Every structure is written in C-alpha cells, then in structure tokens.
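final_20.pdb follows; it contains PDB, C-alpha atoms and all ligand atoms.
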```
ATOM      1  CA  MET A   6      29.096   7.513  14.205
ATOM      2  CA  ALA A   7      28.424   5.041  16.979
ATOM      3  CA  LEU A   8      29.878   1.642  16.207
ATOM      4  CA  ILE A   9      26.510  -0.031  16.813
ATOM      5  CA  ASN A  10      25.030   1.841  13.839
ATOM      6  CA  ILE A  11      27.267   0.204  11.291
ATOM      7  CA  MET A  12      27.205  -3.290  12.737
ATOM      8  CA  TYR A  13      25.014  -6.058  11.412
ATOM      9  CA  MET A  14      22.750  -7.462  14.079
ATOM     10  CA  ALA A  15      24.162 -10.750  15.296
ATOM     11  CA  LEU A  16      21.482 -13.341  15.947
ATOM     12  CA  SER A  17      23.243 -15.244  18.698
ATOM     13  CA  ASN A  18      21.370 -14.701  21.949
ATOM     14  CA  LEU A  19      18.379 -13.204  20.156
ATOM     15  CA  THR A  20      15.020 -14.934  20.539
ATOM     16  CA  ILE A  21      13.012 -15.657  17.389
ATOM     17  CA  LEU A  22       9.344 -16.676  17.407
ATOM     18  CA  ILE A  23       8.310 -18.494  14.224
ATOM     19  CA  THR A  24       4.679 -19.427  13.653
ATOM     20  CA  GLY A  25       3.995 -22.344  11.321
ATOM     21  CA  ALA A  26       7.382 -23.940  11.930
ATOM     22  CA  THR A  27       6.470 -27.527  11.058
ATOM     23  CA  SER A  28       6.762 -27.227   7.297
ATOM     24  CA  GLY A  29       7.930 -25.203   4.309
ATOM     25  CA  ILE A  30       9.039 -21.615   4.839
ATOM     26  CA  GLY A  31       8.647 -21.657   8.636
ATOM     27  CA  GLU A  32      10.655 -24.848   9.045
ATOM     28  CA  ALA A  33      13.381 -23.463   6.759
ATOM     29  CA  CYS A  34      13.468 -20.257   8.839
ATOM     30  CA  ALA A  35      13.892 -22.348  11.987
ATOM     31  CA  ARG A  36      16.871 -24.159  10.479
ATOM     32  CA  ARG A  37      18.500 -20.925   9.255
ATOM     33  CA  TYR A  38      18.025 -19.074  12.543
ATOM     34  CA  ALA A  39      19.304 -22.087  14.497
ATOM     35  CA  ALA A  40      22.415 -22.139  12.316
ATOM     36  CA  GLU A  41      22.954 -18.465  13.218
ATOM     37  CA  GLY A  42      22.898 -19.310  16.926
ATOM     38  CA  ALA A  43      19.507 -17.786  17.720
ATOM     39  CA  ARG A  44      17.203 -19.013  20.483
ATOM     40  CA  LEU A  45      13.980 -20.318  18.967
ATOM     41  CA  VAL A  46      10.338 -20.430  19.949
ATOM     42  CA  LEU A  47       8.537 -22.639  17.436
ATOM     43  CA  TRP A  48       4.766 -22.761  17.066
ATOM     44  CA  ALA A  49       2.434 -24.935  15.003
ATOM     45  CA  ARG A  50      -0.423 -27.378  15.557
ATOM     46  CA  ARG A  51       1.379 -30.669  14.784
ATOM     47  CA  THR A  52       3.240 -31.515  17.992
ATOM     48  CA  ASP A  53       5.059 -34.562  16.611
ATOM     49  CA  ARG A  54       6.623 -32.528  13.827
ATOM     50  CA  LEU A  55       7.527 -29.688  16.177
ATOM     51  CA  GLU A  56       9.252 -32.099  18.544
ATOM     52  CA  ALA A  57      11.156 -33.883  15.752
ATOM     53  CA  LEU A  58      12.437 -30.567  14.396
ATOM     54  CA  ALA A  59      13.348 -29.285  17.856
ATOM     55  CA  GLU A  60      15.232 -32.475  18.675
ATOM     56  CA  GLU A  61      17.229 -32.177  15.469
ATOM     57  CA  LEU A  62      18.051 -28.506  16.072
ATOM     58  CA  ARG A  63      18.933 -29.106  19.721
ATOM     59  CA  SER A  64      21.327 -31.880  18.685
ATOM     60  CA  GLY A  65      23.104 -29.199  16.643
ATOM     61  CA  GLY A  66      23.380 -27.012  19.743
ATOM     62  CA  ALA A  67      20.330 -24.767  19.367
ATOM     63  CA  ALA A  68      18.117 -23.648  22.251
ATOM     64  CA  VAL A  69      14.549 -24.400  21.208
ATOM     65  CA  LEU A  70      11.188 -24.030  22.943
ATOM     66  CA  THR A  71       8.260 -25.680  21.181
ATOM     67  CA  GLN A  72       4.621 -24.884  21.879
ATOM     68  CA  THR A  73       1.665 -26.512  20.182
ATOM     69  CA  VAL A  74      -0.375 -23.450  19.274
ATOM     70  CA  ASP A  75      -3.193 -22.891  16.828
ATOM     71  CA  VAL A  76      -2.870 -19.199  15.970
ATOM     72  CA  THR A  77      -6.627 -18.941  15.397
ATOM     73  CA  ASN A  78      -7.186 -19.714  19.091
ATOM     74  CA  ARG A  79      -6.666 -16.347  20.798
ATOM     75  CA  PRO A  80      -6.702 -17.647  24.412
ATOM     76  CA  ALA A  81      -4.191 -20.351  23.411
ATOM     77  CA  VAL A  82      -1.903 -17.741  21.850
ATOM     78  CA  GLU A  83      -2.085 -15.572  24.969
ATOM     79  CA  ALA A  84      -1.516 -18.561  27.257
ATOM     80  CA  ALA A  85       1.518 -19.664  25.236
ATOM     81  CA  VAL A  86       3.123 -16.226  25.542
ATOM     82  CA  ALA A  87       2.328 -16.117  29.264
ATOM     83  CA  ALA A  88       4.024 -19.512  29.720
ATOM     84  CA  TRP A  89       7.421 -18.455  28.365
ATOM     85  CA  PRO A  90      10.257 -19.134  30.820
ATOM     86  CA  PRO A  91      12.365 -16.065  31.694
ATOM     87  CA  SER A  92      15.112 -16.842  29.157
ATOM     88  CA  TYR A  93      12.589 -16.801  26.296
ATOM     89  CA  GLN A  94      10.533 -13.787  27.293
ATOM     90  CA  THR A  95      12.283 -11.250  25.108
ATOM     91  CA  VAL A  96      11.185 -11.978  21.549
ATOM     92  CA  ASP A  97      13.489 -10.000  19.275
ATOM     93  CA  VAL A  98      12.114 -11.240  15.943
ATOM     94  CA  LEU A  99       8.573 -12.392  15.217
ATOM     95  CA  VAL A 100       8.121 -14.278  11.946
ATOM     96  CA  ASN A 101       4.380 -14.286  11.240
ATOM     97  CA  ASN A 102       4.433 -17.192   8.809
ATOM     98  CA  ALA A 103       1.546 -19.539   9.729
ATOM     99  CA  GLY A 104      -0.955 -19.500   6.917
ATOM    100  CA  LEU A 105      -2.781 -21.534   4.347
ATOM    101  CA  SER A 106      -4.910 -21.619   1.267
ATOM    102  CA  ARG A 107      -7.964 -23.802   0.725
ATOM    103  CA  GLY A 108      -9.459 -24.432  -2.696
ATOM    104  CA  LEU A 109      -9.323 -22.618  -6.011
ATOM    105  CA  GLU A 110     -13.028 -22.298  -6.799
ATOM    106  CA  PRO A 111     -14.468 -19.201  -8.463
ATOM    107  CA  ILE A 112     -16.020 -16.885  -5.917
ATOM    108  CA  HIS A 113     -19.619 -17.823  -6.765
ATOM    109  CA  GLU A 114     -18.822 -21.448  -5.892
ATOM    110  CA  GLY A 115     -16.697 -20.677  -2.844
ATOM    111  CA  ASP A 116     -16.855 -22.846   0.259
ATOM    112  CA  TYR A 117     -17.684 -20.938   3.445
ATOM    113  CA  THR A 118     -15.621 -23.312   5.603
ATOM    114  CA  ASN A 119     -12.574 -22.715   3.426
ATOM    115  CA  TRP A 120     -13.144 -18.972   3.535
ATOM    116  CA  ASP A 121     -13.453 -18.950   7.320
ATOM    117  CA  GLU A 122     -10.304 -21.041   7.740
ATOM    118  CA  MET A 123      -8.220 -18.741   5.531
ATOM    119  CA  ILE A 124      -9.535 -15.548   7.108
ATOM    120  CA  ASP A 125      -9.211 -16.918  10.654
ATOM    121  CA  THR A 126      -5.652 -18.138  10.090
ATOM    122  CA  ASN A 127      -4.072 -15.651   7.709
ATOM    123  CA  ILE A 128      -5.605 -12.465   9.101
ATOM    124  CA  LYS A 129      -6.986 -13.051  12.577
ATOM    125  CA  GLY A 130      -4.270 -15.546  13.519
ATOM    126  CA  LEU A 131      -1.550 -13.087  12.519
ATOM    127  CA  LEU A 132      -3.314 -10.386  14.533
ATOM    128  CA  ASN A 133      -3.651 -12.638  17.592
ATOM    129  CA  VAL A 134       0.069 -13.346  17.611
ATOM    130  CA  THR A 135       1.132  -9.794  16.808
ATOM    131  CA  ARG A 136      -1.089  -8.260  19.497
ATOM    132  CA  SER A 137       0.353 -10.665  22.081
ATOM    133  CA  VAL A 138       4.003 -10.090  21.208
ATOM    134  CA  LEU A 139       4.256  -6.426  20.180
ATOM    135  CA  PRO A 140       3.697  -4.654  23.542
ATOM    136  CA  ALA A 141       6.950  -6.039  24.963
ATOM    137  CA  MET A 142       8.853  -4.994  21.823
ATOM    138  CA  VAL A 143       7.417  -1.490  22.032
ATOM    139  CA  HIS A 144       8.208  -1.344  25.750
ATOM    140  CA  ARG A 145      11.815  -2.367  25.027
ATOM    141  CA  GLY A 146      12.130  -0.046  22.045
ATOM    142  CA  SER A 147      13.382  -2.746  19.680
ATOM    143  CA  GLY A 148      12.276  -5.770  17.698
ATOM    144  CA  THR A 149      11.516  -6.925  14.182
ATOM    145  CA  VAL A 150       8.209  -8.225  12.858
ATOM    146  CA  ILE A 151       8.342 -10.094   9.565
ATOM    147  CA  ASN A 152       4.981 -10.813   7.977
ATOM    148  CA  ILE A 153       4.837 -13.492   5.289
ATOM    149  CA  ALA A 154       2.202 -12.245   2.866
ATOM    150  CA  SER A 155       2.211 -13.246  -0.832
ATOM    151  CA  ILE A 156       2.466 -12.106  -4.429
ATOM    152  CA  ALA A 157      -1.233 -13.055  -4.415
ATOM    153  CA  GLY A 158      -1.866 -10.028  -2.212
ATOM    154  CA  ARG A 159      -0.569  -7.759  -4.987
ATOM    155  CA  THR A 160      -2.178  -9.266  -8.073
ATOM    156  CA  ALA A 161      -5.355 -11.337  -8.206
ATOM    157  CA  TYR A 162      -5.603 -14.586 -10.147
ATOM    158  CA  ARG A 163      -8.481 -16.867 -11.128
ATOM    159  CA  GLY A 164      -9.760 -18.740  -8.080
ATOM    160  CA  GLY A 165      -7.349 -16.946  -5.738
ATOM    161  CA  ASN A 166     -10.123 -14.637  -4.463
ATOM    162  CA  VAL A 167     -10.344 -15.075  -0.667
ATOM    163  CA  TYR A 168      -6.757 -16.301  -0.251
ATOM    164  CA  ALA A 169      -5.509 -13.283  -2.227
ATOM    165  CA  ALA A 170      -7.726 -11.001  -0.140
ATOM    166  CA  THR A 171      -6.253 -12.357   3.097
ATOM    167  CA  LYS A 172      -2.754 -11.683   1.820
ATOM    168  CA  ALA A 173      -3.697  -8.173   0.660
ATOM    169  CA  ALA A 174      -4.931  -7.711   4.231
ATOM    170  CA  VAL A 175      -1.570  -8.877   5.582
ATOM    171  CA  LYS A 176       0.172  -6.320   3.368
ATOM    172  CA  MET A 177      -2.146  -3.571   4.629
ATOM    173  CA  LEU A 178      -1.524  -4.675   8.211
ATOM    174  CA  SER A 179       2.223  -4.507   7.552
ATOM    175  CA  ASP A 180       1.809  -0.959   6.230
ATOM    176  CA  SER A 181      -0.340  -0.061   9.235
ATOM    177  CA  MET A 182       2.178  -1.527  11.685
ATOM    178  CA  GLN A 183       4.849   0.518   9.923
ATOM    179  CA  ILE A 184       2.917   3.693  10.697
ATOM    180  CA  ASP A 185       1.686   2.814  14.185
ATOM    181  CA  LEU A 186       5.126   1.655  15.303
ATOM    182  CA  ASN A 187       7.068   4.538  13.813
ATOM    183  CA  GLY A 188       9.224   6.020  16.550
ATOM    184  CA  THR A 189       9.102   2.927  18.763
ATOM    185  CA  GLY A 190      12.272   1.336  17.380
ATOM    186  CA  VAL A 191      10.334  -1.711  16.167
ATOM    187  CA  ARG A 192      10.876  -2.649  12.500
ATOM    188  CA  VAL A 193       8.287  -4.253  10.233
ATOM    189  CA  CYS A 194       8.925  -6.105   6.997
ATOM    190  CA  ASN A 195       6.337  -7.456   4.577
ATOM    191  CA  VAL A 196       7.621 -10.397   2.513
ATOM    192  CA  ASP A 197       5.668 -11.398  -0.597
ATOM    193  CA  PRO A 198       6.863 -14.737  -1.971
ATOM    194  CA  GLY A 199       5.808 -16.063  -5.358
ATOM    195  CA  LEU A 200       5.702 -19.801  -6.019
ATOM    196  CA  VAL A 201       7.485 -21.756  -3.284
ATOM    197  CA  GLU A 202       7.456 -25.554  -3.347
ATOM    198  CA  THR A 203       6.235 -26.514   0.123
ATOM    199  CA  GLU A 204       3.161 -28.312   1.445
ATOM    200  CA  PHE A 205       1.143 -25.218   0.524
ATOM    201  CA  SER A 206      -0.535 -26.730  -2.557
ATOM    202  CA  LEU A 207      -1.040 -30.088  -0.848
ATOM    203  CA  VAL A 208      -2.973 -28.225   1.839
ATOM    204  CA  ARG A 209      -4.832 -26.112  -0.737
ATOM    205  CA  PHE A 210      -5.946 -29.236  -2.641
ATOM    206  CA  ARG A 211      -6.575 -31.262   0.532
ATOM    207  CA  GLY A 212      -3.970 -33.961  -0.037
ATOM    208  CA  ASP A 213      -4.277 -34.315  -3.842
ATOM    209  CA  GLY A 214      -0.552 -34.842  -4.447
ATOM    210  CA  GLU A 215      -0.746 -34.986  -8.228
ATOM    211  CA  ARG A 216      -2.583 -31.674  -8.473
ATOM    212  CA  ALA A 217      -0.242 -30.121  -5.925
ATOM    213  CA  GLN A 218       2.868 -31.251  -7.802
ATOM    214  CA  SER A 219       1.569 -29.868 -11.102
ATOM    215  CA  VAL A 220       1.821 -26.343  -9.634
ATOM    216  CA  TYR A 221       5.614 -26.665  -9.559
ATOM    217  CA  LYS A 222       6.227 -28.463 -12.873
ATOM    218  CA  GLY A 223       8.239 -27.112 -15.821
ATOM    219  CA  TYR A 224      10.291 -24.468 -13.999
ATOM    220  CA  GLN A 225      12.385 -24.146 -10.864
ATOM    221  CA  PRO A 226      10.199 -22.914  -7.999
ATOM    222  CA  LEU A 227      11.561 -21.236  -4.889
ATOM    223  CA  THR A 228      12.328 -23.422  -1.886
ATOM    224  CA  GLY A 229      11.411 -22.575   1.675
ATOM    225  CA  ASP A 230      15.102 -21.982   2.222
ATOM    226  CA  ASP A 231      15.211 -19.297  -0.500
ATOM    227  CA  VAL A 232      12.605 -17.347   1.458
ATOM    228  CA  ALA A 233      14.250 -18.105   4.818
ATOM    229  CA  ASP A 234      17.492 -16.674   3.444
ATOM    230  CA  VAL A 235      15.717 -13.360   2.852
ATOM    231  CA  VAL A 236      13.930 -13.437   6.211
ATOM    232  CA  VAL A 237      17.200 -13.914   8.090
ATOM    233  CA  TRP A 238      18.866 -11.211   5.975
ATOM    234  CA  VAL A 239      16.106  -8.750   6.871
ATOM    235  CA  SER A 240      16.520  -9.405  10.576
ATOM    236  CA  THR A 241      20.297  -9.033  10.525
ATOM    237  CA  ARG A 242      20.378  -5.514   9.051
ATOM    238  CA  PRO A 243      21.883  -2.882  11.331
ATOM    239  CA  ARG A 244      19.410  -1.525  13.849
ATOM    240  CA  HIS A 245      18.908   1.770  11.966
ATOM    241  CA  VAL A 246      18.012  -0.035   8.699
ATOM    242  CA  SER A 247      14.461  -1.194   8.042
ATOM    243  CA  ILE A 248      13.632  -3.346   5.011
ATOM    244  CA  GLN A 249       9.936  -2.593   4.638
ATOM    245  CA  ASP A 250       8.804  -4.617   1.656
ATOM    246  CA  ILE A 251      10.096  -7.538  -0.405
ATOM    247  CA  LEU A 252       8.785  -9.417  -3.461
ATOM    248  CA  ILE A 253      10.661 -12.657  -4.142
ATOM    249  CA  THR A 254       9.769 -14.953  -7.031
ATOM    250  CA  PRO A 255      11.349 -17.742  -9.044
ATOM    251  CA  THR A 256      13.268 -16.313 -12.003
ATOM    252  CA  ASP A 257      10.697 -17.908 -14.306
ATOM    253  CA  GLN A 258       7.751 -16.209 -12.575
ATOM    254  CA  ALA A 259       6.678 -12.706 -13.637
ATOM    255  CA  THR A 260       3.203 -12.508 -12.042
ATOM    256  CA  PRO A 261       1.040 -15.066 -10.195
ATOM    257  CA  THR A 262       0.002 -16.538 -13.555
ATOM    258  CA  ILE A 263       2.790 -15.658 -15.995
ATOM    259  CA  VAL A 264       5.256 -18.471 -15.389
ATOM    260  CA  HIS A 265       7.672 -19.664 -18.058
ATOM    261  CA  ARG A 266       7.294 -23.453 -18.075
ATOM    262  CA  THR A 267       9.077 -25.948 -20.280
ATOM    263  CA  PRO A 268       7.483 -29.362 -20.881
TER
HETATM  264  P1  LIG B   1       3.191 -25.090   4.412
HETATM  265  O1  LIG B   1       1.835 -25.689   4.276
HETATM  266  O2  LIG B   1       4.362 -25.922   4.042
HETATM  267  O3  LIG B   1       3.404 -24.550   5.898
HETATM  268  C1  LIG B   1       2.388 -23.868   6.568
HETATM  269  C2  LIG B   1       2.714 -23.825   8.049
HETATM  270  O4  LIG B   1       1.683 -23.081   8.728
HETATM  271  C3  LIG B   1       2.760 -25.200   8.689
HETATM  272  O5  LIG B   1       3.853 -25.264   9.570
HETATM  273  C4  LIG B   1       1.452 -25.289   9.470
HETATM  274  O6  LIG B   1       1.664 -26.081  10.612
HETATM  275  C5  LIG B   1       1.267 -23.826   9.856
HETATM  276  N1  LIG B   1      -0.118 -23.493  10.177
HETATM  277  C6  LIG B   1      -1.206 -23.514   9.361
HETATM  278  N2  LIG B   1      -2.301 -23.169  10.046
HETATM  279  C7  LIG B   1      -1.907 -22.912  11.318
HETATM  280  C8  LIG B   1      -2.577 -22.522  12.498
HETATM  281  N3  LIG B   1      -3.899 -22.330  12.521
HETATM  282  N4  LIG B   1      -1.858 -22.352  13.641
HETATM  283  C9  LIG B   1      -0.530 -22.548  13.637
HETATM  284  N5  LIG B   1       0.169 -22.922  12.556
HETATM  285  C10 LIG B   1      -0.520 -23.103  11.409
HETATM  286  O7  LIG B   1       3.150 -23.758   3.536
HETATM  287  P2  LIG B   1       4.233 -22.608   3.294
HETATM  288  O8  LIG B   1       5.468 -22.846   4.048
HETATM  289  O9  LIG B   1       4.323 -22.396   1.833
HETATM  290  O10 LIG B   1       3.421 -21.375   3.893
HETATM  291  C11 LIG B   1       3.960 -20.500   4.860
HETATM  292  C12 LIG B   1       3.401 -19.115   4.600
HETATM  293  O11 LIG B   1       3.868 -18.653   3.345
HETATM  294  C13 LIG B   1       1.873 -19.044   4.537
HETATM  295  O12 LIG B   1       1.441 -17.881   5.196
HETATM  296  C14 LIG B   1       1.590 -18.948   3.041
HETATM  297  O13 LIG B   1       0.377 -18.326   2.775
HETATM  298  C15 LIG B   1       2.782 -18.131   2.592
HETATM  299  N6  LIG B   1       3.116 -18.196   1.180
HETATM  300  C16 LIG B   1       3.390 -19.398   0.578
HETATM  301  C17 LIG B   1       3.726 -19.424  -0.762
HETATM  302  C18 LIG B   1       3.974 -20.694  -1.506
HETATM  303  O14 LIG B   1       3.984 -20.668  -2.761
HETATM  304  N7  LIG B   1       4.224 -21.813  -0.840
HETATM  305  C19 LIG B   1       3.842 -18.183  -1.532
HETATM  306  C20 LIG B   1       3.513 -16.996  -0.798
HETATM  307  C21 LIG B   1       3.197 -17.010   0.511
HETATM  308  P3  LIG B   1       0.587 -27.054  11.311
HETATM  309  O15 LIG B   1      -0.273 -27.630  10.218
HETATM  310  O16 LIG B   1       1.434 -28.063  12.021
HETATM  311  O17 LIG B   1      -0.170 -26.172  12.249
HETATM  312  C1  LIG B   2       1.091 -18.533  -2.551
HETATM  313  C2  LIG B   2       1.449 -18.248  -3.950
HETATM  314  O1  LIG B   2       0.462 -17.755  -6.247
HETATM  315  O2  LIG B   2      -0.198 -19.810  -5.165
HETATM  316  O3  LIG B   2       0.803 -17.358  -1.863
HETATM  317  O4  LIG B   2      -1.058 -17.725  -4.390
HETATM  318  S1  LIG B   2       0.093 -18.378  -4.975
END
```

How does the structure come out when it is put into structure tokens?
Ligand code: NDP
Ligand code: 8X3
Amino acid sequence: MALINIMYMALSNLTILITGATSGIGEACARRYAAEGARLVLWARRTDRLEALAEELRSGGAAVLTQTVDVTNRPAVEAAVAAWPPSYQTVDVLVNNAGLSRGLEPIHEGDYTNWDEMIDTNIKGLLNVTRSVLPAMVHRGSGTVINIASIAGRTAYRGGNVYAATKAAVKMLSDSMQIDLNGTGVRVCNVDPGLVETEFSLVRFRGDGERAQSVYKGYQPLTGDDVADVVVWVSTRPRHVSIQDILITPTDQATPTIVHRTP
C-alpha cells in the first residue's frame, strides 16, 4: 500500500477558502485552520471584521488573504477568484459556510424580502462560489468541498419553512456534487449542525438580543469551534477517505425542537 494512502492530510501549505469568516462557525474554522498552518482565503461582507481577524491570525504566523465578497453577487465572486495571487490560486478546501436565516413567521405571513435573502445567500450564493472554485479542483484531480447545511434541512420546524428549505437544498446539492464529482478525486462533505451559539439568531431576529439569547438558554449549545473541529477533521482524512455526511448537535438536542432545557 502506498504510504500516501495511510497518511492523514497535513494542512500546512494547503489553501482553504472560507466563506462567512467574520463570525460564528466560519470565524472558528479560520482560527482552527490557521492553527494547523494552512493558508487562508477569507470572505465576508464586513471588511473591518475580516481585517481584524486576519491581523490577529497573521500575528500568529498565518498567511491570510482577505476579500470583501458578498456571495450573492456572482460577478463579485468571479472577480475575487480571478484576483487571487499565484500563491493562493490552488484552493484545496472550500468551506461553503456563508448563510443566514431571517424571521420565524408562519409561511402564510412570510416576508418576501427575507425569503429572497435566504434563497439568494444560502442556495445561490453557495452555487456561485462552488461554480467558481470547482473547475480548478476537478482539473487538478483533488480538493475538498465542505457545505454547511443544517439539521433544519432534515426536519422541518414551526416557522423554519424557507430557511429549512434552503438547507434541504444545500443537502441535495451536496448529494448531487457527490455524484457529479465521482471519479474526479474531489471530495464533498455535507455538515448539518444543530443549535450553535453564534450571531445566527441575532441575525434571524434582526438585532433583538434578548430573543436571540433565549434560543440558547437552559442547555449547553454547540460553539462555532465545536463545528470547526469537525470541519478540520473532515479535511484531514487520508486522500482515499471521504466523509460524506455529518449531523452534529448539542447532547441535549434530539431534533430541531426537542431540546432538553433546565430552568
Ligand atoms: P453567523 O451569523 O455568526 O455567521 C454567518 C456568516 O456568514 C458571517 O460571517 C457573515 O458575514 C456571513 N455571510 C452572511 N451573508 C453573507 C453573504 N451574502 N456574503 C458573504 N458572507 C455572508 O452564523 P453561523 O456561524 O451560525 O452560520 C454559519 C452557517 O452555519 C450558516 O450557513 C448557517 O445557516 C449555518 N448553521 C448555523 C447553525 C446555528 O445554530 N448557528 C446551525 C446550522 C447551520 P458578513 O455579515 O460579514 O457578510
Ligand atoms: C440553524 C439551526 O434549528 O435554528 O440551522 O434552524 S436551527
């Protein structure tokens, strides 16, 4: 057996593109990958946060390229990829993490703007990025795509409607990538987190901190770092091993709505 087949993939000198790196799961992934010695390309819309994170990671020795990119803006995504300097052009791992939820209204009271934003970001944004990055991976015959979907894409809950549908779409896209990329050497992993305490609920409830905090009360939610731990683990498996699908929840969470809470 060739030695390469039994070796874990070292991340030093690999290039990792993380979308949505300014907060929560994406930011935690950036920290974990930087600690492993990877070269980072970090994308999000908030430039000040991107720069602050990059400065911190660079001071620890990491090589970091930041680009202010809204994944819903297809020309901007394509331009960002086209602008990569030679040392960043080989993306080995793509973490499709940028995403959001807006509102929790029943479907008959749903807000079209919220719906558009979720669909444009969670589905079309992920497609924009994937379509721009995958051809080079396929050409090289290697790479790993990690799509952050959600437990909400597996089981619906009251008011989750369009958000849940976008995440079910991500799961179906992961399955489709699995099939389309079979034989190319490119791996695809779908990660479905349960409740993770990030800015997710603050964004969903448009800055209502009290309502956002109540989502995580009475049990120990996951942290962004818990999910990042899994993401990095997936990308460090030996080249012949593909982790296709992961569901990660807090121990106290059984389904999106069955959560053991203590007062
Ligand atoms: P956060 O709100 O903390 O982080 C979301 C990140 O996405 C931010 O960095 C934000 O950056 C970025 N983002 C949002 N829209 C865009 C856009 N149009 N273009 C580029 N970047 C964008 O939430 P989480 O870390 O929790 O969410 C990360 C992913 O995990 C999402 O896909 C979410 O659906 C998923 N998820 C979250 C769970 C949870 O319980 N928290 C559970 C399951 C899945 P900026 O605003 O600077 O652009
Ligand atoms: C985020 C988790 O349950 O709030 O995807 O939808 S949930």

Evaluate the PyMOL selection byres (((chain A and resi 20) around 8) and not hetatm) here and jot the selected residues down as a list in words.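 Matching residues under the PyMOL selection byres (((chain A and resi 20) around 8) and not hetatm) are Asn18, Leu19, Ile21, Leu22, Ala43, Arg44, Leu45, Val46, Tyr93, Thr95, Val96, Asp97 and Val98 of chain A.
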
Test item: residues at most 7 Å from range 189-199 of chain A, all atoms listed in the file, excluding those fewer than 6 positions along its chain, as a ChimeraX atom specification: /A:142-143,146-156,176,179,182-183,247-255,261

For the file shown, report as a compact mmCIF listing (two decimals) with C-alpha atoms, in the frame of the given file the outcome of the PyMOL selection byres (((chain A and resi 28) around 9) and not hetatm) at residue level.
```txt
# COMPACT_ATOMS: atom_id res chain seq x y z
CA GLY A 25 4.00 -22.34 11.32
CA ALA A 26 7.38 -23.94 11.93
CA THR A 27 6.47 -27.53 11.06
CA GLY A 29 7.93 -25.20 4.31
CA ILE A 30 9.04 -21.62 4.84
CA GLY A 31 8.65 -21.66 8.64
CA GLU A 32 10.66 -24.85 9.04
CA ALA A 33 13.38 -23.46 6.76
CA ARG A 54 6.62 -32.53 13.83
CA THR A 203 6.24 -26.51 0.12
CA GLU A 204 3.16 -28.31 1.44
CA GLY A 229 11.41 -22.58 1.68
```

Pick out the residues sitting within 7 Å of range 124-136 of chain A, and hand them over as a PyMOL selection string; count all atoms listed in the file, and ignore anything fewer than 2 positions along from it in its own chain. chain A and resi 76-77+79+82+101+104-105+120-122+138-139+171+174-175

Can you work out which one of A:Leu62, A:Leu178, A:Cys34, A:Val74 has the shortest atom-to-atom distance to Thr228 in chain A, counting all atoms listed in the file?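 Among the listed residues, A:Cys34 lies closest to Thr228 in chain A.
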
Measuring atom to atom with all atoms listed in the file, identify which of A:Ile263, A:Ala88, A:Leu16, A:Leu47 is nearest to ligand LIG 1 (chain B).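 When distances to ligand LIG 1 (chain B) are compared using all atoms listed in the file, the smallest one comes from A:Leu47.
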
Coordinates-based distance that separates CA of Gly42 in chain A from CA of Glu61 in chain A (Å, one decimal):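 Rounded to one decimal, the two atoms are 14.1 Å apart.
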
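Compared by their closest atoms to ligand LIG 2 (chain B), and using all atoms listed in the file, the residues A:Met14, A:Ala84, A:Ala35, A:Met123 rank with A:Met123 nearest.
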
Please indicate the distance in Å from CA of Asp53 in chain A to CA of Val208 in chain A, rounded to one decimal place.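 Atom-to-atom, CA of Asp53 in chain A and CA of Val208 in chain A are spaced 18.0 Å apart.
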
Long-range neighbours of Arg242 in chain A as a list in words, 7 Å cut-off, all atoms listed in the file, 3 positions minimum in chain: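 Once the nearby chain positions are removed, what remains is Tyr13, Met14, Trp238, Val239 and Val246 of chain A.
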
May I have the protein, DNA and RNA residues with any atom at most 9 Å from the point (9.7, -24.8, -9.0), counting all atoms listed in the file, written as a ChimeraX atom specification? /A:200-202,220-228,255,257

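CA of Val232 in chain A is positioned 9.3 Å from atom C19 of ligand LIG 1 (chain B).
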
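Residues matching the PyMOL selection byres (((chain A and resi 168) around 9) and not hetatm) in this structure come to A:Leu105, A:Ser106, A:Arg107, A:Gly108, A:Leu109, A:Trp120, A:Met123, A:Ile124, A:Asn127, A:Ala157, A:Gly158, A:Gly164, A:Gly165, A:Asn166, A:Val167, A:Ala169, A:Ala170, A:Thr171, A:Lys172, A:Ala173.
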
Have a look at A:Ala103, A:Leu55, A:Ala67, A:Ala161 and name the one nearest to Thr262 in chain A; count only C-alpha atoms.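 The closest residue to Thr262 in chain A is A:Ala161.
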
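Compared by their closest atoms to ligand LIG 1 (chain B), and using only C-alpha atoms and all ligand atoms, the residues A:Ala141, A:Ile112, A:Ala40, A:Ala233 rank with A:Ala233 nearest.
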
Produce the centre coordinates and the three edge lengths, each in Å to one decimal, of the box along x, y and z that contains all listed atoms of range 138-146 of chain A with 8 Å added on each side, as AutoDock Vina command-line options.
```
--center_x 7.9 --center_y -5.1 --center_z 23.0 --size_x 24.4 --size_y 26.0 --size_z 21.6
```

Of the listed residues A:Arg37, A:Arg244, A:Arg159, A:His265, that which approaches ligand LIG 2 (chain B) most closely, counting only C-alpha atoms and all ligand atoms: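 Ranking A:Arg37, A:Arg244, A:Arg159, A:His265 by distance to ligand LIG 2 (chain B), first place goes to A:Arg159.
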